[in-house]
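**Q** Below is the file query_2.cif, with mmCIF, C-alpha atoms.
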data_model
#
loop_
_atom_site.group_PDB
_atom_site.id
_atom_site.type_symbol
_atom_site.label_atom_id
_atom_site.label_comp_id
_atom_site.auth_asym_id
_atom_site.auth_seq_id
_atom_site.Cartn_x
_atom_site.Cartn_y
_atom_site.Cartn_z
ATOM 1 C CA MET A 253 217.671 90.918 -91.686
ATOM 2 C CA THR A 254 215.082 90.908 -88.905
ATOM 3 C CA GLN A 255 216.459 87.545 -87.755
ATOM 4 C CA MET A 256 219.952 89.012 -87.375
ATOM 5 C CA LEU A 257 218.554 91.957 -85.489
ATOM 6 C CA SER A 258 216.593 89.811 -83.041
ATOM 7 C CA ARG A 259 219.552 87.510 -82.514
ATOM 8 C CA ALA A 260 221.781 90.509 -81.779
ATOM 9 C CA THR A 261 219.289 91.953 -79.326
ATOM 10 C CA TRP A 262 218.959 88.596 -77.582
ATOM 11 C CA SER A 263 222.716 88.142 -77.061
ATOM 12 C CA LEU A 264 222.931 91.767 -75.887
ATOM 13 C CA VAL A 265 220.153 91.161 -73.402
ATOM 14 C CA LEU A 266 221.900 88.059 -72.133
ATOM 15 C CA ARG A 267 225.228 89.854 -71.738
ATOM 16 C CA GLN A 268 223.697 92.828 -69.946
ATOM 17 C CA GLY A 269 221.495 90.607 -67.852
ATOM 18 C CA GLY A 270 218.666 92.938 -68.797
ATOM 19 C CA LEU A 271 216.085 90.302 -68.021
ATOM 20 C CA GLY A 272 216.753 90.196 -64.312
ATOM 21 C CA MET A 273 220.483 89.416 -64.192
ATOM 22 C CA ARG A 274 220.078 86.013 -65.779
ATOM 23 C CA GLY A 275 223.073 84.477 -67.484
ATOM 24 C CA ILE A 276 225.489 85.794 -64.883
ATOM 25 C CA HIS A 277 225.935 83.428 -62.030
ATOM 26 C CA SER A 278 227.861 84.480 -58.998
ATOM 27 C CA PRO A 279 227.497 81.941 -56.261
ATOM 28 C CA GLY A 280 226.437 84.405 -53.586
ATOM 29 C CA GLY A 281 223.009 83.146 -52.689
ATOM 30 C CA THR A 282 222.795 79.608 -53.977
ATOM 31 C CA ALA A 283 221.436 78.577 -50.635
ATOM 32 C CA GLN A 284 218.054 80.106 -51.489
ATOM 33 C CA GLY A 285 218.518 78.995 -55.067
ATOM 34 C CA GLU A 286 217.867 80.953 -58.257
ATOM 35 C CA GLY A 287 214.242 81.612 -57.454
ATOM 36 C CA LYS A 288 211.613 80.123 -59.707
ATOM 37 C CA MET A 289 212.936 81.237 -63.112
ATOM 38 C CA PRO A 290 215.590 79.088 -64.806
ATOM 39 C CA PRO A 291 218.482 80.996 -66.376
ATOM 40 C CA TYR A 292 218.837 81.223 -70.135
ATOM 41 C CA THR A 293 222.282 79.679 -70.384
ATOM 42 C CA SER A 294 223.460 76.454 -71.864
ATOM 43 C CA TYR A 295 223.858 74.920 -68.419
ATOM 44 C CA HIS A 296 221.303 72.204 -67.800
ATOM 45 C CA ALA A 297 221.886 69.321 -65.435
ATOM 46 C CA GLU A 298 219.546 66.599 -64.344
ATOM 47 C CA ARG A 299 219.806 63.250 -62.649
ATOM 48 C CA SER A 300 220.403 61.429 -65.926
ATOM 49 C CA TYR A 301 222.811 64.104 -67.237
ATOM 50 C CA PRO A 302 224.611 65.327 -64.146
ATOM 51 C CA MET A 303 227.776 66.902 -65.597
ATOM 52 C CA PRO A 304 227.220 69.396 -68.426
ATOM 53 C CA ASP A 305 230.097 70.683 -70.500
ATOM 54 C CA GLU A 306 229.725 74.304 -69.421
ATOM 55 C CA PRO A 307 230.303 75.326 -65.795
ATOM 56 C CA PHE A 308 227.437 76.980 -63.989
ATOM 57 C CA CYS A 309 229.194 80.310 -63.381
ATOM 58 C CA THR A 310 230.960 81.699 -66.407
ATOM 59 C CA GLU A 311 231.537 85.309 -65.297
ATOM 60 C CA LEU A 312 233.929 85.197 -62.370
ATOM 61 C CA SER A 313 235.011 87.900 -60.009
ATOM 62 C CA THR A 314 238.723 88.469 -59.318
ATOM 63 C CA GLU A 315 238.765 86.254 -56.236
ATOM 64 C CA GLN A 316 236.995 83.509 -58.109
ATOM 65 C CA ARG A 317 239.532 83.718 -60.909
ATOM 66 C CA ALA A 318 242.311 83.491 -58.378
ATOM 67 C CA LEU A 319 240.651 80.438 -56.905
ATOM 68 C CA LYS A 320 240.470 78.807 -60.335
ATOM 69 C CA GLU A 321 244.215 79.432 -60.690
ATOM 70 C CA LYS A 322 244.798 77.787 -57.330
ATOM 71 C CA GLU A 323 242.730 74.853 -58.510
ATOM 72 C CA LYS A 324 245.318 74.182 -61.187
ATOM 73 C CA GLY A 325 247.807 73.312 -58.476
ATOM 74 C CA SER A 326 247.656 70.553 -55.894
ATOM 75 C CA TRP A 327 244.173 69.993 -54.577
ATOM 76 C CA THR A 328 245.398 68.976 -51.146
ATOM 77 C CA LYS A 329 246.287 72.627 -50.572
ATOM 78 C CA LEU A 330 242.673 73.760 -51.000
ATOM 79 C CA THR A 331 240.683 74.414 -47.857
ATOM 80 C CA HIS A 332 237.250 72.860 -47.399
ATOM 81 C CA ALA A 333 235.526 76.195 -47.978
ATOM 82 C CA GLU A 334 237.465 76.658 -51.223
ATOM 83 C CA LYS A 335 236.450 73.203 -52.445
ATOM 84 C CA VAL A 336 232.820 74.024 -51.732
ATOM 85 C CA ALA A 337 233.200 77.363 -53.547
ATOM 86 C CA LEU A 338 234.684 75.591 -56.582
ATOM 87 C CA TYR A 339 231.822 73.113 -56.541
ATOM 88 C CA ARG A 340 229.295 75.927 -56.458
ATOM 89 C CA LEU A 341 231.067 77.592 -59.392
ATOM 90 C CA GLN A 342 230.831 74.442 -61.429
ATOM 91 C CA PHE A 343 227.369 73.217 -60.518
ATOM 92 C CA HIS A 344 224.051 74.888 -59.829
ATOM 93 C CA GLU A 345 222.726 72.404 -57.275
ATOM 94 C CA SER A 346 224.121 69.468 -55.389
ATOM 95 C CA PHE A 347 222.589 66.062 -55.930
ATOM 96 C CA ALA A 348 220.646 66.358 -52.711
ATOM 97 C CA GLU A 349 219.211 69.715 -53.770
ATOM 98 C CA MET A 350 218.532 68.544 -57.317
ATOM 99 C CA ASN A 351 216.708 65.416 -56.186
ATOM 100 C CA ARG A 352 214.581 67.119 -53.554
ATOM 101 C CA ARG A 353 210.975 66.071 -53.614
ATOM 102 C CA SER A 354 208.179 68.497 -54.286
ATOM 103 C CA ASN A 355 204.436 68.778 -53.883
ATOM 104 C CA GLU A 356 203.815 68.698 -57.607
ATOM 105 C CA TRP A 357 202.000 65.366 -57.371
ATOM 106 C CA LYS A 358 199.176 67.020 -55.468
ATOM 107 C CA THR A 359 198.637 69.512 -58.287
ATOM 108 C CA VAL A 360 198.766 66.732 -60.859
ATOM 109 C CA MET A 361 196.259 64.541 -59.025
ATOM 110 C CA GLY A 362 193.990 67.519 -58.457
ATOM 111 C CA GLY A 363 194.057 68.355 -62.159
ATOM 112 C CA VAL A 364 193.385 64.750 -63.119
ATOM 113 C CA PHE A 365 190.376 64.442 -60.803
ATOM 114 C CA PHE A 366 189.079 67.802 -61.986
ATOM 115 C CA CYS A 367 189.215 66.545 -65.576
ATOM 116 C CA PHE A 368 187.381 63.386 -64.485
ATOM 117 C CA GLY A 369 184.649 65.598 -63.071
ATOM 118 C CA ILE A 370 184.320 67.668 -66.248
ATOM 119 C CA THR A 371 184.164 64.471 -68.291
ATOM 120 C CA ALA A 372 181.495 63.058 -65.998
ATOM 121 C CA LEU A 373 179.345 66.159 -66.499
ATOM 122 C CA LEU A 374 179.771 65.946 -70.249
ATOM 123 C CA ILE A 375 178.775 62.285 -70.308
ATOM 124 C CA TRP A 376 175.765 62.953 -68.111
ATOM 125 C CA TRP A 377 174.569 65.684 -70.486
ATOM 126 C CA GLN A 378 175.144 63.293 -73.384
ATOM 127 C CA ARG A 379 173.055 60.616 -71.703
ATOM 128 C CA VAL A 380 170.148 62.996 -71.178
ATOM 129 C CA TYR A 381 170.146 64.840 -74.515
ATOM 130 C CA VAL A 382 171.895 62.646 -77.084
ATOM 131 C CA PHE A 383 171.377 58.914 -76.452
ATOM 132 C CA PRO A 384 168.416 57.267 -78.250
ATOM 133 C CA GLU A 385 165.933 54.822 -76.691
ATOM 134 C CA LYS A 386 167.276 51.588 -75.190
ATOM 135 C CA PRO A 387 166.958 48.688 -77.648
ATOM 136 C CA ILE A 388 164.404 45.999 -76.752
ATOM 137 C CA THR A 389 167.149 43.486 -75.987
ATOM 138 C CA LEU A 390 168.308 45.574 -73.006
ATOM 139 C CA THR A 391 164.960 45.741 -71.211
ATOM 140 C CA ASP A 392 164.603 43.725 -68.036
ATOM 141 C CA GLU A 393 161.932 41.368 -69.418
ATOM 142 C CA TRP A 394 164.043 40.440 -72.407
ATOM 143 C CA LYS A 395 167.162 39.958 -70.271
ATOM 144 C CA ALA A 396 165.252 37.668 -67.886
ATOM 145 C CA LYS A 397 163.985 35.525 -70.780
ATOM 146 C CA GLN A 398 167.520 35.431 -72.211
ATOM 147 C CA LEU A 399 168.981 34.228 -68.920
ATOM 148 C CA GLN A 400 166.293 31.548 -68.598
ATOM 149 C CA ARG A 401 167.131 30.289 -72.080
ATOM 150 C CA ILE A 402 170.862 30.065 -71.242
ATOM 151 C CA LEU A 403 170.064 28.084 -68.090
ATOM 152 C CA ASP A 404 167.776 25.774 -70.085
ATOM 153 C CA MET A 405 170.622 25.138 -72.516
ATOM 154 C CA LYS A 406 172.909 24.489 -69.525
ATOM 155 C CA GLY A 407 175.565 26.947 -70.623
ATOM 156 C CA ASN A 408 178.914 26.268 -68.900
ATOM 157 C CA PRO A 409 177.593 23.583 -66.550
ATOM 158 C CA VAL A 410 180.967 22.602 -65.046
ATOM 159 C CA GLN A 411 182.365 25.825 -63.595
ATOM 160 C CA GLY A 412 180.352 28.622 -65.194
ATOM 161 C CA LEU A 413 176.853 30.078 -65.123
ATOM 162 C CA ALA A 414 174.697 26.924 -65.126
ATOM 163 C CA SER A 415 176.868 25.378 -62.405
ATOM 164 C CA ARG A 416 175.719 28.154 -60.059
ATOM 165 C CA TRP A 417 172.002 27.429 -60.648
ATOM 166 C CA ASP A 418 170.164 24.833 -58.584
ATOM 167 C CA TYR A 419 167.851 23.053 -61.066
ATOM 168 C CA ASP A 420 165.820 21.292 -58.346
ATOM 169 C CA LYS A 421 165.023 24.291 -56.206
ATOM 170 C CA LYS A 422 164.975 26.662 -59.208
ATOM 171 C CA GLU A 423 167.157 29.271 -57.574
ATOM 172 C CA TRP A 424 170.817 30.295 -57.419
ATOM 173 C CA LYS A 425 173.060 28.075 -55.331
ATOM 174 C CA LYS A 426 174.170 29.600 -52.060
ATOM 175 C CA MET B 90 229.316 69.816 -43.549
ATOM 176 C CA SER B 91 230.772 67.557 -40.859
ATOM 177 C CA SER B 92 234.455 66.812 -40.822
ATOM 178 C CA SER B 93 234.039 63.050 -40.145
ATOM 179 C CA VAL B 94 235.019 60.634 -42.896
ATOM 180 C CA LEU B 95 232.150 58.913 -44.690
ATOM 181 C CA ALA B 96 232.342 55.228 -45.519
ATOM 182 C CA LYS B 97 233.586 54.618 -49.051
ATOM 183 C CA PRO B 98 230.585 53.729 -51.218
ATOM 184 C CA GLN B 99 230.555 50.718 -53.511
ATOM 185 C CA MET B 100 232.407 51.715 -56.644
ATOM 186 C CA ARG B 101 232.302 48.599 -58.805
ATOM 187 C CA GLY B 102 229.997 45.790 -59.696
ATOM 188 C CA LEU B 103 226.847 47.889 -59.351
ATOM 189 C CA LEU B 104 225.144 46.395 -62.377
ATOM 190 C CA ALA B 105 226.128 42.881 -61.353
ATOM 191 C CA LYS B 106 224.668 43.393 -57.895
ATOM 192 C CA ARG B 107 221.434 44.787 -59.291
ATOM 193 C CA MET B 108 221.183 42.006 -61.889
ATOM 194 C CA ARG B 109 221.716 39.288 -59.318
ATOM 195 C CA PHE B 110 219.026 40.738 -57.088
ATOM 196 C CA HIS B 111 216.544 41.094 -59.888
ATOM 197 C CA LEU B 112 217.295 37.780 -61.562
ATOM 198 C CA VAL B 113 216.800 35.865 -58.329
ATOM 199 C CA GLY B 114 213.664 37.850 -57.563
ATOM 200 C CA ALA B 115 212.227 37.403 -61.040
ATOM 201 C CA PHE B 116 212.881 33.669 -60.912
ATOM 202 C CA ILE B 117 211.182 33.312 -57.544
ATOM 203 C CA VAL B 118 208.206 35.466 -58.535
ATOM 204 C CA SER B 119 207.610 33.742 -61.842
ATOM 205 C CA MET B 120 208.020 30.216 -60.446
ATOM 206 C CA GLY B 121 205.790 31.125 -57.541
ATOM 207 C CA ALA B 122 203.128 32.518 -59.850
ATOM 208 C CA ALA B 123 203.264 29.417 -62.052
ATOM 209 C CA THR B 124 203.052 27.059 -59.070
ATOM 210 C CA TYR B 125 200.154 29.001 -57.578
ATOM 211 C CA TYR B 126 198.292 28.972 -60.890
ATOM 212 C CA LYS B 127 198.856 25.229 -61.375
ATOM 213 C CA PHE B 128 197.362 24.355 -58.009
ATOM 214 C CA ALA B 129 194.750 27.021 -57.474
ATOM 215 C CA VAL B 130 193.394 27.033 -61.039
ATOM 216 C CA GLY B 131 194.628 23.930 -62.847
ATOM 217 C CA GLU B 132 194.034 21.253 -60.239
ATOM 218 C CA ALA B 133 190.737 22.820 -59.161
ATOM 219 C CA ARG B 134 189.509 22.802 -62.731
ATOM 220 C CA LYS B 135 190.527 19.181 -63.305
ATOM 221 C CA LYS B 136 188.700 18.188 -60.132
ATOM 222 C CA ALA B 137 185.578 20.139 -61.122
ATOM 223 C CA TYR B 138 185.421 18.400 -64.496
ATOM 224 C CA ALA B 139 186.066 14.972 -62.978
ATOM 225 C CA ASP B 140 183.295 15.501 -60.415
ATOM 226 C CA PHE B 141 180.876 16.728 -63.065
ATOM 227 C CA TYR B 142 181.367 13.801 -65.413
ATOM 228 C CA ARG B 143 181.639 11.032 -62.797
ATOM 229 C CA ASN B 144 177.874 10.558 -62.539
ATOM 230 C CA TYR B 145 176.822 12.384 -65.700
ATOM 231 C CA ASP B 146 173.821 10.985 -67.547
ATOM 232 C CA SER B 147 173.774 12.588 -70.978
ATOM 233 C CA MET B 148 170.309 11.230 -71.887
ATOM 234 C CA LYS B 149 168.760 12.651 -68.734
ATOM 235 C CA ASP B 150 170.442 15.980 -69.509
ATOM 236 C CA PHE B 151 169.062 15.865 -73.043
ATOM 237 C CA GLU B 152 165.530 15.109 -71.825
ATOM 238 C CA GLU B 153 165.634 18.105 -69.480
ATOM 239 C CA MET B 154 166.748 20.382 -72.292
ATOM 240 C CA ARG B 155 164.081 18.985 -74.635
ATOM 241 C CA LYS B 156 161.337 19.582 -72.085
ATOM 242 C CA ALA B 157 162.559 23.170 -71.627
ATOM 243 C CA GLY B 158 161.844 23.652 -75.351
ATOM 244 C CA ILE B 159 165.153 24.959 -76.626
ATOM 245 C CA PHE B 160 165.558 22.551 -79.549
ATOM 246 C CA GLN B 161 164.227 23.129 -83.043
ATOM 247 C CA SER B 162 164.790 19.569 -84.315
ATOM 248 C CA VAL B 163 162.909 17.733 -81.550
ATOM 249 C CA LYS B 164 160.091 19.012 -79.353
#
When written as structure tokens, how does the structure in this file appear?
**A**
Amino acid sequence: MTQMLSRATWSLVLRQGGLGMRGIHSPGGTAQGEGKMPPYTSYHAERSYPMPDEPFCTELSTEQRALKEKEKGSWTKLTHAEKVALYRLQFHESFAEMNRRSNEWKTVMGGVFFCFGITALLIWWQRVYVFPEKPITLTDEWKAKQLQRILDMKGNPVQGLASRWDYDKKEWKK
Amino acid sequence: MSSSVLAKPQMRGLLAKRMRFHLVGAFIVSMGAATYYKFAVGEARKKAYADFYRNYDSMKDFEEMRKAGIFQSVK
């Protein structure tokens, strides 16, 4: 019961255009576009789906209806302005307008870097307050003894670690 | 909108054109990468191993390791 009521109110709102004249498209000011809010109609076009079933403008004035009648005849008789008007009736934006670039990438990158910063702070706090003592195997003395042992065993003597060590001068090769 | 006539765009064979471009490019890139790898990595590695083992004395190597004290079976 409440579902029927809300559905009825919604279609009434759409028909009246009570939410800011959405749903009724007259191609008066398509140059500035629809503003930021998308209309609540079934028209949705994008680069991968450029020709929806429904035309953009469904409620036509008298002149527009006359123009649609003229469209049923020979198209060579249409003036250029009429062709453009018919296009604007059918489609919201041209391909050039639809594919225009934006500055959204700046917002995205800013958000990403901001999240990196928050994460860095969290990890820093974690390092100070959560992590336990370093195990003995990660201290510098142990690591030095470990490296000496690997060099004694001549690990990877052809192209790897031991090949970079000069055994006569006891230092790394330049 | 200008009233001059635009050149007619390509209407057919778009996929074929794109495929040809990308197939040729992919072939060149992959063969180039393989050739580069063979010479920069493969031949260099073969040379490094050949140089290492040309005058390699395994007993001398063993004596050095034994003196360093890494073995458990022989001190």
**Q** Taking all atoms listed in the file into account, report as a short mmCIF file (atom, residue, chain, number, x, y, z; two decimals) with C-alpha atoms, keeping the file's coordinate frame which residues of chain B lie within 12 Å of chain A.
**A**
data_model
loop_
_atom_site.label_atom_id
_atom_site.label_comp_id
_atom_site.auth_asym_id
_atom_site.auth_seq_id
_atom_site.Cartn_x
_atom_site.Cartn_y
_atom_site.Cartn_z
CA MET B 90 229.32 69.82 -43.55
CA SER B 91 230.77 67.56 -40.86
CA SER B 92 234.46 66.81 -40.82
CA VAL B 130 193.39 27.03 -61.04
CA ALA B 133 190.74 22.82 -59.16
CA ARG B 134 189.51 22.80 -62.73
CA LYS B 135 190.53 19.18 -63.30
CA LYS B 136 188.70 18.19 -60.13
CA ALA B 137 185.58 20.14 -61.12
CA TYR B 138 185.42 18.40 -64.50
CA ALA B 139 186.07 14.97 -62.98
CA ASP B 140 183.30 15.50 -60.42
CA PHE B 141 180.88 16.73 -63.06
CA TYR B 142 181.37 13.80 -65.41
CA ARG B 143 181.64 11.03 -62.80
CA TYR B 145 176.82 12.38 -65.70
CA ASP B 150 170.44 15.98 -69.51
CA PHE B 151 169.06 15.86 -73.04
CA GLU B 152 165.53 15.11 -71.82
CA GLU B 153 165.63 18.10 -69.48
CA MET B 154 166.75 20.38 -72.29
CA ARG B 155 164.08 18.98 -74.64
CA LYS B 156 161.34 19.58 -72.08
CA ALA B 157 162.56 23.17 -71.63
CA GLY B 158 161.84 23.65 -75.35
CA ILE B 159 165.15 24.96 -76.63
CA PHE B 160 165.56 22.55 -79.55
#
**Q** Please measure the separation of CA of His344 in chain A and CA of Tyr292 in chain A, giving the value in Å to one decimal.
**A**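 So the two atoms, CA of His344 in chain A and CA of Tyr292 in chain A, lie 13.2 Å apart.
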**Q** Determine, counting only C-alpha atoms, which protein, DNA and RNA residues have an atom within 10 Å of an atom of Glu306 in chain A; residues of the same chain fewer than 4 positions away are not included. Present the result as a short mmCIF file (atom, residue, chain, number, x, y, z; two decimals) with C-alpha atoms, keeping the file's coordinate frame.
**A**
data_model
loop_
_atom_site.label_atom_id
_atom_site.label_comp_id
_atom_site.auth_asym_id
_atom_site.auth_seq_id
_atom_site.Cartn_x
_atom_site.Cartn_y
_atom_site.Cartn_z
CA THR A 293 222.28 79.68 -70.38
CA SER A 294 223.46 76.45 -71.86
CA TYR A 295 223.86 74.92 -68.42
CA HIS A 296 221.30 72.20 -67.80
CA THR A 310 230.96 81.70 -66.41
CA GLN A 342 230.83 74.44 -61.43
CA PHE A 343 227.37 73.22 -60.52
#
**Q** What separation in Å, quoted to one decimal, exists between CA of Met350 in chain A and CA of Gly102 in chain B?
**A**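 These atoms are spaced 25.6 Å apart.
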**Q** Would you kindly translate the PyMOL selection byres ((chain A and resi 346) around 12) into the concrete residues it picks from this file, as a list in words?
**A**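 Evaluating the PyMOL selection byres ((chain A and resi 346) around 12) on these coordinates yields Thr282, Ala283, Gly285, Ala297, Glu298, Arg299, Pro302, Met303, Phe308, Val336, Tyr339, Arg340, Leu341, Gln342, Phe343, His344, Glu345, Phe347, Ala348, Glu349, Met350, Asn351 and Arg352 of chain A.
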**Q** May I ask for the distance between CA of Asp305 in chain A and CA of Leu95 in chain B, given in Å to one decimal place?
**A**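 Rounded to one decimal, the two atoms are 28.4 Å apart.
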